[in-house]
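Enquirer: Sending over query_23.tsv (TSV, C-alpha atoms).
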```tsv
chain	number	residue	atom	x	y	z
A	1	MET	CA	-65.92	-35.77	-47.11
A	2	GLN	CA	-66.11	-39.55	-47.07
A	3	THR	CA	-63.58	-41.86	-45.51
A	4	THR	CA	-63.25	-45.52	-46.37
A	5	ASN	CA	-60.45	-47.44	-44.71
A	6	THR	CA	-57.48	-45.12	-45.21
A	7	VAL	CA	-58.72	-43.26	-48.31
A	8	THR	CA	-60.30	-39.86	-47.93
A	9	LEU	CA	-62.30	-38.56	-50.88
A	10	HIS	CA	-63.27	-34.89	-51.06
A	11	SER	CA	-65.74	-32.70	-52.90
A	12	LEU	CA	-64.12	-29.27	-52.85
A	13	GLY	CA	-66.11	-26.15	-53.74
A	14	PHE	CA	-65.27	-23.25	-56.01
A	15	LEU	CA	-64.87	-20.95	-52.99
A	16	CYS	CA	-62.22	-23.19	-51.44
A	17	LYS	CA	-58.58	-22.19	-52.04
A	18	ARG	CA	-57.58	-25.86	-52.01
A	19	THR	CA	-59.69	-26.41	-55.15
A	20	TYR	CA	-57.41	-24.12	-57.14
A	21	LEU	CA	-54.24	-25.34	-55.45
A	22	TYR	CA	-54.98	-28.99	-56.27
A	23	ALA	CA	-56.21	-28.13	-59.75
A	24	ALA	CA	-52.99	-26.19	-60.40
A	25	LEU	CA	-50.88	-29.15	-59.23
A	26	PHE	CA	-52.78	-31.59	-61.44
A	27	ILE	CA	-52.63	-29.19	-64.41
A	28	VAL	CA	-48.84	-28.98	-64.01
A	29	GLY	CA	-48.76	-32.79	-63.87
A	30	ASN	CA	-50.83	-32.92	-67.05
A	31	ILE	CA	-48.32	-30.59	-68.71
A	32	ILE	CA	-45.11	-32.31	-67.57
A	33	PHE	CA	-46.21	-35.94	-67.93
A	34	PRO	CA	-47.24	-35.62	-71.62
A	35	GLN	CA	-43.92	-33.93	-72.41
A	36	LEU	CA	-42.05	-36.84	-70.87
A	37	CYS	CA	-44.20	-39.35	-72.75
A	38	HIS	CA	-43.64	-37.53	-76.04
A	39	LEU	CA	-39.92	-38.28	-75.70
A	40	LEU	CA	-40.79	-41.88	-76.62
A	41	PRO	CA	-41.93	-42.91	-80.12
A	42	GLN	CA	-45.73	-42.58	-80.21
A	43	GLY	CA	-45.58	-41.86	-76.46
A	44	GLY	CA	-48.65	-39.65	-76.51
A	45	LEU	CA	-50.71	-42.19	-78.43
A	46	ARG	CA	-49.53	-45.11	-76.32
A	47	PHE	CA	-49.74	-43.61	-72.84
A	48	LEU	CA	-52.61	-41.08	-73.19
A	49	PRO	CA	-50.85	-38.90	-70.59
A	50	ILE	CA	-53.14	-35.85	-70.80
A	51	TYR	CA	-55.84	-37.79	-68.92
A	52	PHE	CA	-53.78	-39.18	-66.04
A	53	PHE	CA	-53.91	-36.37	-63.50
A	54	THR	CA	-57.48	-35.50	-64.47
A	55	LEU	CA	-58.50	-38.95	-63.24
A	56	ILE	CA	-56.68	-38.52	-59.94
A	57	GLY	CA	-57.85	-34.95	-59.34
A	58	ALA	CA	-61.49	-35.68	-60.10
A	59	TYR	CA	-61.62	-38.91	-58.13
A	60	LYS	CA	-59.79	-37.64	-55.07
A	61	TYR	CA	-61.03	-34.02	-54.93
A	62	GLY	CA	-64.32	-33.89	-56.85
A	63	TRP	CA	-65.77	-32.66	-60.10
A	64	LYS	CA	-64.65	-29.05	-59.72
A	65	VAL	CA	-60.95	-29.92	-59.44
A	66	GLY	CA	-61.48	-32.51	-62.17
A	67	MET	CA	-63.16	-30.14	-64.61
A	68	LEU	CA	-60.62	-27.36	-64.05
A	69	THR	CA	-57.86	-29.88	-64.75
A	70	ALA	CA	-59.72	-31.44	-67.71
A	71	ILE	CA	-60.28	-28.14	-69.49
A	72	ILE	CA	-57.20	-26.10	-68.63
A	73	SER	CA	-54.60	-28.88	-69.15
A	74	PRO	CA	-55.22	-29.45	-72.87
A	75	ILE	CA	-55.53	-25.72	-73.55
A	76	ALA	CA	-52.26	-25.00	-71.71
A	77	ASN	CA	-50.51	-27.83	-73.56
A	78	HIS	CA	-51.81	-26.51	-76.87
A	79	ILE	CA	-50.66	-22.96	-76.12
A	80	LEU	CA	-47.25	-24.02	-74.83
A	81	PHE	CA	-46.40	-26.91	-77.17
A	82	ALA	CA	-49.05	-26.95	-79.95
A	83	MET	CA	-50.06	-30.38	-78.66
A	84	PRO	CA	-52.77	-31.43	-78.87
A	85	SER	CA	-53.30	-29.93	-82.29
A	86	ALA	CA	-56.08	-27.40	-82.80
A	87	THR	CA	-58.21	-30.04	-84.53
A	88	MET	CA	-57.80	-32.50	-81.64
A	89	LEU	CA	-58.20	-29.94	-78.84
A	90	PRO	CA	-62.04	-30.07	-78.68
A	91	ILE	CA	-62.00	-33.88	-78.69
A	92	ILE	CA	-59.39	-34.04	-75.92
A	93	ILE	CA	-61.41	-31.55	-73.84
A	94	VAL	CA	-64.61	-33.58	-74.36
A	95	LYS	CA	-62.90	-36.83	-73.36
A	96	SER	CA	-61.10	-35.21	-70.40
A	97	SER	CA	-64.35	-33.67	-69.19
A	98	THR	CA	-66.09	-37.03	-69.54
A	99	LEU	CA	-63.33	-38.60	-67.45
A	100	ALA	CA	-63.60	-35.89	-64.79
A	101	LEU	CA	-67.34	-36.38	-64.49
A	102	ALA	CA	-67.15	-40.19	-64.49
A	103	ALA	CA	-64.41	-40.20	-61.84
A	104	SER	CA	-66.12	-37.69	-59.57
A	105	ILE	CA	-69.50	-39.44	-59.83
A	106	ALA	CA	-67.93	-42.82	-59.04
A	107	ALA	CA	-66.09	-41.39	-56.04
A	108	LYS	CA	-69.17	-39.58	-54.73
A	109	TYR	CA	-71.62	-42.45	-55.01
A	110	LEU	CA	-69.45	-45.53	-54.57
A	111	ARG	CA	-67.27	-43.95	-51.86
A	112	HIS	CA	-64.39	-46.33	-52.45
A	113	ALA	CA	-61.18	-46.23	-54.44
A	114	LYS	CA	-61.02	-49.89	-55.37
A	115	LEU	CA	-59.15	-51.09	-58.43
A	116	PHE	CA	-62.24	-52.37	-60.24
A	117	ILE	CA	-64.03	-49.04	-59.73
A	118	ILE	CA	-61.09	-47.13	-61.24
A	119	ALA	CA	-61.14	-49.62	-64.12
A	120	LEU	CA	-64.87	-48.98	-64.63
A	121	VAL	CA	-64.25	-45.22	-64.64
A	122	VAL	CA	-61.55	-45.57	-67.32
A	123	ILE	CA	-63.72	-47.92	-69.41
A	124	SER	CA	-66.75	-45.64	-69.09
A	125	TYR	CA	-64.92	-42.48	-70.17
A	126	GLN	CA	-63.40	-44.36	-73.10
A	127	LEU	CA	-66.82	-45.64	-74.21
A	128	ILE	CA	-68.70	-42.37	-73.72
A	129	GLY	CA	-65.81	-40.18	-74.88
A	130	GLY	CA	-65.16	-42.49	-77.83
A	131	PHE	CA	-68.83	-42.30	-78.85
A	132	LEU	CA	-68.70	-38.49	-78.68
A	133	GLU	CA	-65.39	-38.49	-80.60
A	134	ALA	CA	-66.94	-40.67	-83.31
A	135	ILE	CA	-69.81	-38.19	-83.62
A	136	ILE	CA	-67.44	-35.21	-83.79
A	137	THR	CA	-65.02	-36.79	-86.28
A	138	GLY	CA	-67.52	-38.89	-88.20
A	139	SER	CA	-65.16	-41.84	-87.84
A	140	ILE	CA	-65.01	-44.85	-85.57
A	141	THR	CA	-61.29	-45.25	-86.32
A	142	ALA	CA	-60.16	-42.36	-84.14
A	143	PRO	CA	-61.76	-43.56	-80.89
A	144	LEU	CA	-60.59	-47.11	-81.48
A	145	GLN	CA	-57.01	-45.80	-81.66
A	146	ASP	CA	-57.12	-44.97	-77.93
A	147	ILE	CA	-57.95	-48.59	-77.19
A	148	ILE	CA	-55.77	-50.37	-79.76
A	149	ILE	CA	-52.66	-48.20	-79.51
A	150	GLY	CA	-53.35	-46.60	-76.14
A	151	TYR	CA	-53.99	-49.70	-74.06
A	152	PRO	CA	-50.70	-49.22	-72.11
A	153	GLY	CA	-51.96	-45.77	-71.12
A	154	LEU	CA	-55.34	-47.12	-70.11
A	155	LEU	CA	-53.63	-49.73	-67.94
A	156	LEU	CA	-51.39	-47.01	-66.50
A	157	GLN	CA	-54.44	-44.90	-65.67
A	158	ILE	CA	-56.10	-47.84	-63.93
A	159	PHE	CA	-53.17	-49.20	-61.91
A	160	ALA	CA	-51.06	-46.10	-61.25
A	161	GLY	CA	-54.21	-44.01	-60.78
A	162	TRP	CA	-55.52	-46.46	-58.21
A	163	ILE	CA	-52.20	-46.44	-56.36
A	164	LEU	CA	-51.95	-42.64	-56.26
A	165	ILE	CA	-55.59	-42.10	-55.28
A	166	ASN	CA	-55.09	-44.50	-52.38
A	167	HIS	CA	-51.75	-43.07	-51.26
A	168	ILE	CA	-52.17	-39.29	-51.56
A	169	ARG	CA	-52.45	-38.03	-48.00
A	170	ASP	CA	-54.08	-34.73	-47.23
```
Represent the structure of the file as structure tokens.
Expert:
Amino acid sequence: MQTTNTVTLHSLGFLCKRTYLYAALFIVGNIIFPQLCHLLPQGGLRFLPIYFFTLIGAYKYGWKVGMLTAIISPIANHILFAMPSATMLPIIIVKSSTLALAASIAAKYLRHAKLFIIALVVISYQLIGGFLEAIITGSITAPLQDIIIGYPGLLLQIFAGWILINHIRD
């Protein structure tokens, strides 16, 4: 556990009950938030909501909470709502997992939850995840969509993510 100013960052283990409690809360968030965003035209494409609570969970509570959230959230959404589609599910899981790893590594080694670090995490998962998506799809168009259409969601991840990471008390 590292403390910097008022922010406490954790690295919870698989034997810790809190790992599963926090993962469950973030998974529920990653189920509800996309449904709310999909009420708006192109809400899913614009706000990239499936990644939001993965960022927070991984940054605040470590890679185990992050990976549980990153993998289970898209699968649960697919089973419950058929979104993401079966063809997009592997790509979403790859990008979510990339985000979980990037966030947890940044938190572990940088030990701060500063705005520019959260921005670097979001940029890094978009670059790495976008590269992997381009390999999987054979197209550069698909990963660029997250940046061109999804920039409001990327900004939301950066600013709202930073606020929540810094204000969640545990």
Enquirer: At a cut-off of 9 Å, using all atoms listed in the file, what residues contact Trp63 in chain A? Leave out same-chain residues fewer than 4 positions from it and give the result as number ranges by chain.
Expert: A: 11-12, 57-59, 67-68, 100-105
Enquirer: Could you write out that same residue set with C-alpha atoms as a short mmCIF file (atom, residue, chain, number, x, y, z; two decimals), in the coordinates of the input?
Expert:
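As written to disk, result_30.cif reads:
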```
data_model
loop_
_atom_site.label_atom_id
_atom_site.label_comp_id
_atom_site.auth_asym_id
_atom_site.auth_seq_id
_atom_site.Cartn_x
_atom_site.Cartn_y
_atom_site.Cartn_z
CA SER A 11 -65.74 -32.70 -52.90
CA LEU A 12 -64.12 -29.27 -52.85
CA GLY A 57 -57.85 -34.95 -59.34
CA ALA A 58 -61.49 -35.68 -60.10
CA TYR A 59 -61.62 -38.91 -58.13
CA MET A 67 -63.16 -30.14 -64.61
CA LEU A 68 -60.62 -27.36 -64.05
CA ALA A 100 -63.60 -35.89 -64.79
CA LEU A 101 -67.34 -36.38 -64.49
CA ALA A 102 -67.15 -40.19 -64.49
CA ALA A 103 -64.41 -40.20 -61.84
CA SER A 104 -66.12 -37.69 -59.57
CA ILE A 105 -69.50 -39.44 -59.83
#
```
Enquirer: Could you tell me which of A:Val65, A:Ile158, A:Ile128, A:Ile32 comes closest to Tyr20 in chain A if we count all atoms listed in the file?
Expert: A:Val65
Enquirer: Using only C-alpha atoms, pick whichever of A:Gly150, A:Gly129, A:Gly66, A:Pro143 has the shortest atom-to-atom distance to Lys95 in chain A.
Expert: A:Gly129
Enquirer: Determine the nearest neighbour of Tyr22 in chain A from the options A:Pro152, A:Pro49, A:Pro41, A:Gly62, counting all atoms listed in the file.
Expert: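 Of A:Pro152, A:Pro49, A:Pro41, A:Gly62, the one nearest Tyr22 in chain A is A:Gly62, counting all atoms listed in the file.
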Enquirer: Do a neighbour search on Tyr125 in chain A at 12 Å with all atoms listed in the file, toss out local chain neighbours closer than 5 positions, and write the hits as a ChimeraX atom specification.
Expert: /A:51,54-55,92,94-106,118-120,130-133,143,146-147,154,157
Enquirer: Please, what distance in Å, to one decimal, runs between CA of Lys108 in chain A and CA of Leu9 in chain A?
Expert: 7.9 Å
Enquirer: One decimal, Å: what's the distance from CA of Ile165 in chain A over to CA of Ile91 in chain A, could you say?
Expert: 25.6 Å
Enquirer: Between A:Leu40, A:Ile136, A:Leu110, A:Ile27, which residue has the minimum interatomic distance to Thr87 in chain A, considering only C-alpha atoms?
Expert: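 Counting only C-alpha atoms, the residue closest to Thr87 in chain A is A:Ile136.
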Enquirer: Quick one: of A:Ile93, A:Leu155, A:Ile140, A:Ile168, who's nearest to Arg46 in chain A, counting all atoms listed in the file?
Expert: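 Using all atoms listed in the file, the shortest distance to Arg46 in chain A belongs to A:Leu155.
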Enquirer: For the atom pair CA of Ile149 in chain A and CA of Leu39 in chain A, what is the interatomic distance in Å to one decimal place?
Expert: 16.6 Å
Enquirer: Place N, CA and C atoms on range 130-144 of chain A and deliver the coordinates as a compact mmCIF listing (two decimals), in the coordinates of the input.
Expert:
```txt
# COMPACT_ATOMS: atom_id res chain seq x y z
N GLY A 130 -65.37 -41.95 -76.48
CA GLY A 130 -65.16 -42.49 -77.83
C GLY A 130 -66.40 -42.32 -78.70
N PHE A 131 -67.57 -42.52 -78.12
CA PHE A 131 -68.83 -42.30 -78.85
C PHE A 131 -68.95 -40.84 -79.27
N LEU A 132 -68.65 -39.92 -78.36
CA LEU A 132 -68.70 -38.49 -78.68
C LEU A 132 -67.63 -38.13 -79.73
N GLU A 133 -66.45 -38.73 -79.62
CA GLU A 133 -65.39 -38.49 -80.60
C GLU A 133 -65.81 -38.99 -81.98
N ALA A 134 -66.46 -40.13 -82.03
CA ALA A 134 -66.94 -40.67 -83.31
C ALA A 134 -67.97 -39.73 -83.94
N ILE A 135 -68.82 -39.15 -83.11
CA ILE A 135 -69.81 -38.19 -83.62
C ILE A 135 -69.11 -36.95 -84.15
N ILE A 136 -68.14 -36.44 -83.39
CA ILE A 136 -67.44 -35.21 -83.79
C ILE A 136 -66.62 -35.43 -85.06
N THR A 137 -65.91 -36.55 -85.13
CA THR A 137 -65.02 -36.79 -86.28
C THR A 137 -65.72 -37.48 -87.44
N GLY A 138 -66.85 -38.12 -87.16
CA GLY A 138 -67.52 -38.89 -88.20
C GLY A 138 -66.81 -40.19 -88.53
N SER A 139 -65.95 -40.63 -87.60
CA SER A 139 -65.16 -41.84 -87.84
C SER A 139 -65.06 -42.66 -86.56
N ILE A 140 -65.18 -43.96 -86.71
CA ILE A 140 -65.01 -44.85 -85.57
C ILE A 140 -63.53 -45.19 -85.37
N THR A 141 -62.71 -44.93 -86.38
CA THR A 141 -61.29 -45.25 -86.32
C THR A 141 -60.57 -44.47 -85.22
N ALA A 142 -60.85 -43.20 -85.12
CA ALA A 142 -60.16 -42.36 -84.14
C ALA A 142 -60.36 -42.84 -82.71
N PRO A 143 -61.60 -43.09 -82.27
CA PRO A 143 -61.76 -43.56 -80.89
C PRO A 143 -61.17 -44.95 -80.64
N LEU A 144 -61.16 -45.78 -81.65
CA LEU A 144 -60.59 -47.11 -81.48
C LEU A 144 -59.08 -47.05 -81.28
```
